[in-house]
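Listing of structure-v1.tsv; format and content: TSV, C-alpha atoms.
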chain	number	residue	atom	x	y	z
U	722	GLN	CA	-5.97	-1.45	-17.61
U	723	VAL	CA	-7.04	0.46	-14.54
U	724	GLN	CA	-5.09	3.62	-13.74
U	725	LEU	CA	-5.42	5.96	-10.78
U	726	ARG	CA	-4.31	9.57	-10.39
U	727	GLU	CA	-4.33	11.71	-7.27
U	728	SER	CA	-5.04	15.44	-7.29
U	729	GLY	CA	-5.32	18.16	-4.69
U	730	PRO	CA	-3.43	20.97	-2.97
U	731	GLY	CA	0.20	20.32	-2.18
U	732	LEU	CA	0.24	22.66	0.79
U	733	VAL	CA	-2.24	22.78	3.67
U	734	LYS	CA	-2.11	24.98	6.75
U	735	PRO	CA	-2.11	23.46	10.23
U	736	SER	CA	-5.59	22.90	11.69
U	737	GLU	CA	-7.17	23.01	8.22
U	738	THR	CA	-8.65	20.14	6.19
U	739	LEU	CA	-6.65	18.18	3.64
U	740	SER	CA	-8.73	17.24	0.59
U	741	LEU	CA	-7.60	14.86	-2.14
U	742	THR	CA	-9.32	13.23	-5.09
U	743	CYS	CA	-8.43	10.06	-6.94
U	744	THR	CA	-9.59	9.75	-10.55
U	745	VAL	CA	-9.93	6.21	-11.85
U	746	SER	CA	-9.67	5.40	-15.55
U	747	GLY	CA	-9.92	2.12	-17.42
U	748	GLY	CA	-12.49	0.70	-15.03
U	749	SER	CA	-15.54	1.62	-12.99
U	750	ILE	CA	-15.45	2.30	-9.28
U	751	ASN	CA	-19.13	1.38	-9.21
U	752	SER	CA	-18.27	-2.31	-9.09
U	753	SER	CA	-18.90	-4.94	-6.49
U	754	ALA	CA	-15.54	-6.48	-7.31
U	755	HIS	CA	-13.29	-3.89	-5.74
U	756	TYR	CA	-12.54	-1.63	-2.84
U	757	TRP	CA	-10.70	1.65	-3.18
U	758	GLY	CA	-8.33	3.16	-0.69
U	759	TRP	CA	-5.82	5.75	0.44
U	760	ILE	CA	-2.37	4.99	1.80
U	761	ARG	CA	0.17	7.56	2.97
U	762	GLN	CA	3.93	7.64	3.42
U	763	PRO	CA	5.67	10.33	5.49
U	764	PRO	CA	9.01	11.43	4.03
U	765	GLY	CA	11.62	8.73	4.52
U	766	LYS	CA	9.20	6.41	6.33
U	767	GLY	CA	6.97	3.41	5.64
U	768	LEU	CA	3.45	2.94	4.35
U	769	GLU	CA	0.32	3.53	6.42
U	770	TRP	CA	-3.20	2.60	5.30
U	771	VAL	CA	-5.59	5.51	5.85
U	772	ALA	CA	-9.06	4.56	4.59
U	773	SER	CA	-10.99	2.41	2.12
U	774	VAL	CA	-14.43	2.55	0.54
U	775	TYR	CA	-16.70	0.05	-1.21
U	776	PHE	CA	-19.11	0.83	-4.05
U	777	ARG	CA	-22.12	0.54	-1.75
U	778	GLY	CA	-20.65	3.33	0.30
U	779	TYR	CA	-19.26	1.14	3.06
U	780	THR	CA	-16.28	2.87	4.61
U	781	TYR	CA	-13.30	1.65	6.62
U	782	TYR	CA	-10.89	3.86	8.51
U	783	ASN	CA	-7.56	3.41	10.24
U	784	PRO	CA	-8.50	3.55	13.94
U	785	SER	CA	-5.62	5.95	14.61
U	786	LEU	CA	-7.13	8.49	12.19
U	787	LYS	CA	-10.82	7.61	12.35
U	788	SER	CA	-11.95	10.74	14.18
U	789	ARG	CA	-10.49	13.00	11.48
U	790	VAL	CA	-10.93	11.09	8.20
U	791	THR	CA	-13.73	10.85	5.66
U	792	ILE	CA	-13.62	8.85	2.42
U	793	SER	CA	-16.33	9.05	-0.20
U	794	LEU	CA	-17.23	7.96	-3.74
U	795	ASP	CA	-18.45	10.06	-6.68
U	796	THR	CA	-19.60	7.42	-9.13
U	797	SER	CA	-20.72	10.04	-11.67
U	798	LYS	CA	-17.12	11.19	-12.03
U	799	ASN	CA	-15.50	7.80	-11.35
U	800	GLN	CA	-13.62	9.35	-8.48
U	801	PHE	CA	-13.17	8.84	-4.77
U	802	SER	CA	-12.01	11.40	-2.26
U	803	LEU	CA	-10.26	11.78	1.06
U	804	LYS	CA	-10.71	14.48	3.66
U	805	LEU	CA	-8.46	14.70	6.71
U	806	ALA	CA	-9.41	17.34	9.24
U	807	SER	CA	-7.35	19.27	11.77
U	808	VAL	CA	-4.04	18.46	10.12
U	809	THR	CA	-0.67	18.89	11.78
U	810	ALA	CA	2.90	18.57	10.54
U	811	ALA	CA	2.67	14.84	11.31
U	812	ASP	CA	0.20	14.51	8.42
U	813	THR	CA	2.84	15.64	5.92
U	814	ALA	CA	3.22	12.71	3.56
U	815	VAL	CA	2.93	11.38	0.05
U	816	TYR	CA	-0.67	10.23	-0.31
U	817	PHE	CA	-1.35	7.34	-2.67
U	818	CYS	CA	-4.69	6.08	-3.89
U	819	ALA	CA	-5.03	2.43	-4.84
U	820	ARG	CA	-7.53	-0.27	-5.61
U	821	GLY	CA	-7.95	-2.92	-2.95
U	822	GLY	CA	-8.55	-3.21	0.77
U	823	ILE	CA	-10.57	-6.28	1.66
U	824	VAL	CA	-9.45	-9.75	0.50
U	825	ALA	CA	-7.36	-8.05	-2.18
U	826	PRO	CA	-3.97	-6.36	-1.90
U	827	PHE	CA	-3.51	-2.74	-2.93
U	828	ALA	CA	-2.91	-2.64	-6.69
U	829	PRO	CA	-2.60	-0.77	-8.88
U	830	TRP	CA	-1.43	2.42	-7.18
U	831	GLY	CA	-1.59	6.02	-8.25
U	832	GLN	CA	1.68	7.90	-8.64
U	833	GLY	CA	1.19	9.66	-5.30
U	834	THR	CA	0.94	13.31	-4.34
U	835	LEU	CA	2.99	15.09	-1.69
U	836	VAL	CA	0.98	17.07	0.81
U	837	THR	CA	2.91	19.36	3.12
U	838	VAL	CA	1.32	20.79	6.24
U	839	SER	CA	2.89	24.13	6.98
U	840	SER	CA	1.89	27.69	7.69
I	361	ASP	CA	-4.31	-5.03	14.87
I	362	ILE	CA	-2.07	-7.49	13.04
I	363	GLN	CA	1.58	-6.44	13.33
I	364	LEU	CA	3.93	-7.32	10.49
I	365	THR	CA	7.62	-7.44	11.37
I	366	GLN	CA	10.09	-7.48	8.51
I	367	SER	CA	13.72	-8.46	8.73
I	368	PRO	CA	16.26	-7.29	8.00
I	369	SER	CA	15.56	-3.57	7.77
I	370	THR	CA	18.45	-3.16	5.35
I	371	LEU	CA	20.17	-5.75	3.22
I	372	SER	CA	23.41	-5.20	1.30
I	373	ALA	CA	23.89	-7.53	-1.64
I	374	SER	CA	25.59	-7.87	-4.99
I	375	VAL	CA	24.21	-8.49	-8.45
I	376	GLY	CA	23.62	-12.20	-8.83
I	377	ASP	CA	23.08	-12.86	-5.11
I	378	ARG	CA	20.15	-14.78	-3.74
I	379	VAL	CA	18.41	-12.69	-1.11
I	380	THR	CA	15.62	-13.48	1.32
I	381	ILE	CA	13.38	-11.08	3.22
I	382	THR	CA	11.19	-12.28	6.09
I	383	CYS	CA	7.82	-10.96	7.26
I	384	ARG	CA	6.35	-12.29	10.49
I	385	ALA	CA	2.69	-11.71	11.29
I	386	SER	CA	1.49	-11.40	14.89
I	387	GLN	CA	-1.45	-13.69	14.06
I	388	SER	CA	-2.83	-15.69	11.15
I	389	VAL	CA	-3.55	-13.83	7.91
I	390	LEU	CA	-4.83	-16.90	6.04
I	391	SER	CA	-2.26	-16.49	3.24
I	392	ARG	CA	-3.57	-12.98	2.49
I	393	LEU	CA	-0.08	-11.56	2.41
I	394	ALA	CA	1.32	-9.44	-0.42
I	395	TRP	CA	4.77	-8.14	-1.30
I	396	HIS	CA	5.25	-4.71	-2.86
I	397	GLN	CA	8.40	-3.19	-4.40
I	398	GLN	CA	9.01	0.54	-4.14
I	399	LYS	CA	11.73	2.54	-5.87
I	400	PRO	CA	12.67	6.07	-4.76
I	401	GLY	CA	10.07	8.65	-5.74
I	402	LYS	CA	7.75	6.02	-7.17
I	403	ALA	CA	4.56	4.29	-6.10
I	404	PRO	CA	4.75	0.76	-4.74
I	405	LYS	CA	4.24	-2.06	-7.22
I	406	LEU	CA	2.57	-5.33	-6.33
I	407	LEU	CA	4.88	-8.31	-6.91
I	408	ILE	CA	3.23	-11.20	-5.10
I	409	SER	CA	-0.24	-11.84	-3.65
I	410	LYS	CA	-1.70	-14.71	-1.62
I	411	ALA	CA	1.78	-15.26	-0.16
I	412	SER	CA	3.21	-16.94	-3.27
I	413	GLU	CA	1.30	-15.95	-6.43
I	414	LEU	CA	3.45	-13.94	-8.80
I	415	GLU	CA	1.71	-11.02	-10.50
I	416	SER	CA	1.65	-10.97	-14.28
I	417	GLY	CA	4.85	-9.55	-15.73
I	418	VAL	CA	6.92	-9.97	-12.57
I	419	PRO	CA	10.18	-11.82	-13.29
I	420	PHE	CA	10.35	-15.43	-12.15
I	421	ARG	CA	13.41	-14.70	-10.02
I	422	PHE	CA	10.93	-13.38	-7.45
I	423	SER	CA	9.18	-15.97	-5.29
I	424	GLY	CA	7.17	-16.03	-2.09
I	425	SER	CA	6.61	-18.71	0.52
I	426	GLU	CA	4.67	-19.21	3.71
I	427	PHE	CA	5.13	-21.23	6.88
I	428	GLY	CA	2.44	-20.50	9.37
I	429	THR	CA	2.71	-16.82	10.20
I	430	GLU	CA	6.17	-16.43	8.66
I	431	PHE	CA	6.44	-15.33	5.06
I	432	THR	CA	9.50	-14.93	2.87
I	433	LEU	CA	10.27	-13.08	-0.34
I	434	THR	CA	13.23	-14.51	-2.24
I	435	ILE	CA	15.03	-12.95	-5.17
I	436	SER	CA	17.11	-15.57	-6.96
I	437	GLY	CA	19.84	-13.80	-8.87
I	438	LEU	CA	19.58	-10.14	-7.88
I	439	GLN	CA	19.49	-7.76	-10.84
I	440	PRO	CA	20.37	-4.04	-10.89
I	441	ASP	CA	16.67	-3.20	-11.27
I	442	ASP	CA	15.87	-4.99	-8.00
I	443	PHE	CA	17.60	-2.53	-5.70
I	444	ALA	CA	14.59	-1.04	-3.96
I	445	THR	CA	12.55	-1.18	-0.76
I	446	TYR	CA	10.20	-4.10	-0.25
I	447	TYR	CA	7.06	-4.08	1.92
I	448	CYS	CA	4.83	-6.89	3.03
I	449	GLN	CA	1.11	-6.14	3.48
I	450	GLN	CA	-1.68	-8.17	5.04
I	451	TYR	CA	-5.19	-7.85	3.65
I	452	ASN	CA	-6.98	-10.40	5.78
I	453	SER	CA	-8.02	-8.31	8.75
I	454	TYR	CA	-9.05	-4.73	9.35
I	455	PRO	CA	-7.09	-2.54	9.76
I	456	TRP	CA	-4.89	-3.44	6.83
I	457	THR	CA	-1.23	-3.16	7.74
I	458	PHE	CA	2.23	-3.04	6.20
I	459	GLY	CA	5.60	-4.19	7.40
I	460	GLN	CA	8.16	-1.47	8.06
I	461	GLY	CA	10.06	-2.21	4.86
I	462	THR	CA	13.36	-3.79	3.83
I	463	LYS	CA	15.78	-1.75	1.77
I	464	VAL	CA	17.94	-3.79	-0.59
I	465	GLU	CA	21.16	-1.89	-1.25
I	466	ILE	CA	24.11	-2.44	-3.52
I	467	LYS	CA	27.04	-3.98	-1.65

Kindly transcribe the structure held in the file into structure tokens.
Amino acid sequence: QVQLRESGPGLVKPSETLSLTCTVSGGSINSSAHYWGWIRQPPGKGLEWVASVYFRGYTYYNPSLKSRVTISLDTSKNQFSLKLASVTAADTAVYFCARGGIVAPFAPWGQGTLVTVSS
Amino acid sequence: DIQLTQSPSTLSASVGDRVTITCRASQSVLSRLAWHQQKPGKAPKLLISKASELESGVPFRFSGSEFGTEFTLTISGLQPDDFATYYCQQYNSYPWTFGQGTKVEIK
């Protein structure tokens, strides 16, 4: 049974770069069968897809965030990561990692990690 | 981008009620429409994929249907555990999008 867990700083200063890692267990991310992605949820609001990556390194970004986002795979650690540059308070959210993205819904999901942007 | 519009935004119901949530897509998603349930402080959980296919372990009181670009999630016989927020999600076209959510509250 695949499980995902997010990790990273819970507090980031404005204008800095948010960095999160998702560790996958119970399955390999180096598989042609799945995509892997990040979704975020500002406090009290809905879900917003951020980025997805495929095992060959193909990447997909939300157009509204594309200029600031990078997603990458580390197959040796069975992890994938998210970097979001030049953050502002509007980037404060719970960030979830999940499997899925193209022709497959997001599932399962990690538990989520709250990232607050504040000085 | 494909816009997903859910209605209602909030739904007040009692245990045992039959409730229906609607998700309208701005264009075809070829049945690639999922429903997720989210409880406060928790991650979303996939209930239904391909518009009507129930995920393993999801109670049969949940069902999904499709008519063109209109999708519905029905809970037949609401249980206390079902009070939550429900999101539709399309996974047919980049960028992948979610509806704004429907909160099911206790009446």

Exercise for review: Within 12 Å of chain U, which residues of chain I are there when counting only C-alpha atoms? Please give them as an MDAnalysis selection string.
Suggested key: chainID I and resid 361 364 366 369 389:411 413 415 445:463

Review point. With distances taken over only C-alpha atoms, which of U:Arg789, U:Arg777, U:Arg820, U:Lys798 is nearest to Thr738 of chain U?
Key: U:Arg789

Practice item. Report the distance between atom CA of Ser802 of chain U and atom CA of Thr742 of chain U in Å, rounded to one decimal place. Key: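 So the two atoms, atom CA of Ser802 of chain U and atom CA of Thr742 of chain U, lie 4.3 Å apart.
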
Revision key, fill the gap. Shortest contact to Ile792 of chain U, candidates U:Val774, U:Val808, U:Ile750, U:Val733, atoms counted all atoms listed in the file, goes to U:Val774

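Reported to one decimal place, the separation of atom CA of Tyr775 of chain U from atom CA of Gly758 of chain U is 8.9 Å.
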
Specify the axis-aligned box that encloses all atoms of segment 750-754 of chain U listed in the file after padding of 6 Å on each side, stating its centre and edge lengths in Å to one decimal as AutoDock Vina command-line options.
--center_x -17.3 --center_y -2.1 --center_z -7.9 --size_x 15.7 --size_y 20.8 --size_z 14.8

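Take the candidates U:Val836, U:Leu803, U:Arg726, U:Phe776 and check each one against Ser753 of chain U using all atoms listed in the file; the shortest distance goes to U:Phe776.
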
Practice item. Please measure the separation of atom CA of Pro440 of chain I and atom CA of Pro763 of chain U, giving the value in Å to one decimal. Key: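 Between atom CA of Pro440 of chain I and atom CA of Pro763 of chain U the gap works out to 26.3 Å.
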
Point to revise | Test item: which residues lie within 9 Å of (-13.7, 0.9, -10.7) counting all atoms listed in the file, as a PyMOL selection string | key: chain U and resi 723+745-757+776+796+799-800+820

Exercise for review: Kindly indicate which residue among I:Ser372, I:Ser367, I:Ser388, I:Val379 lies nearest to Gly437 of chain I, using only C-alpha atoms for the distances.
Suggested key: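 Among the listed residues, I:Val379 lies closest to Gly437 of chain I.
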
Check your understanding: Excluding same-chain residues fewer than 4 positions from Lys467 of chain I, what lies within 9 Å of it counting all atoms listed in the file, as a PyMOL selection string?
Key -> chain I and resi 371-375
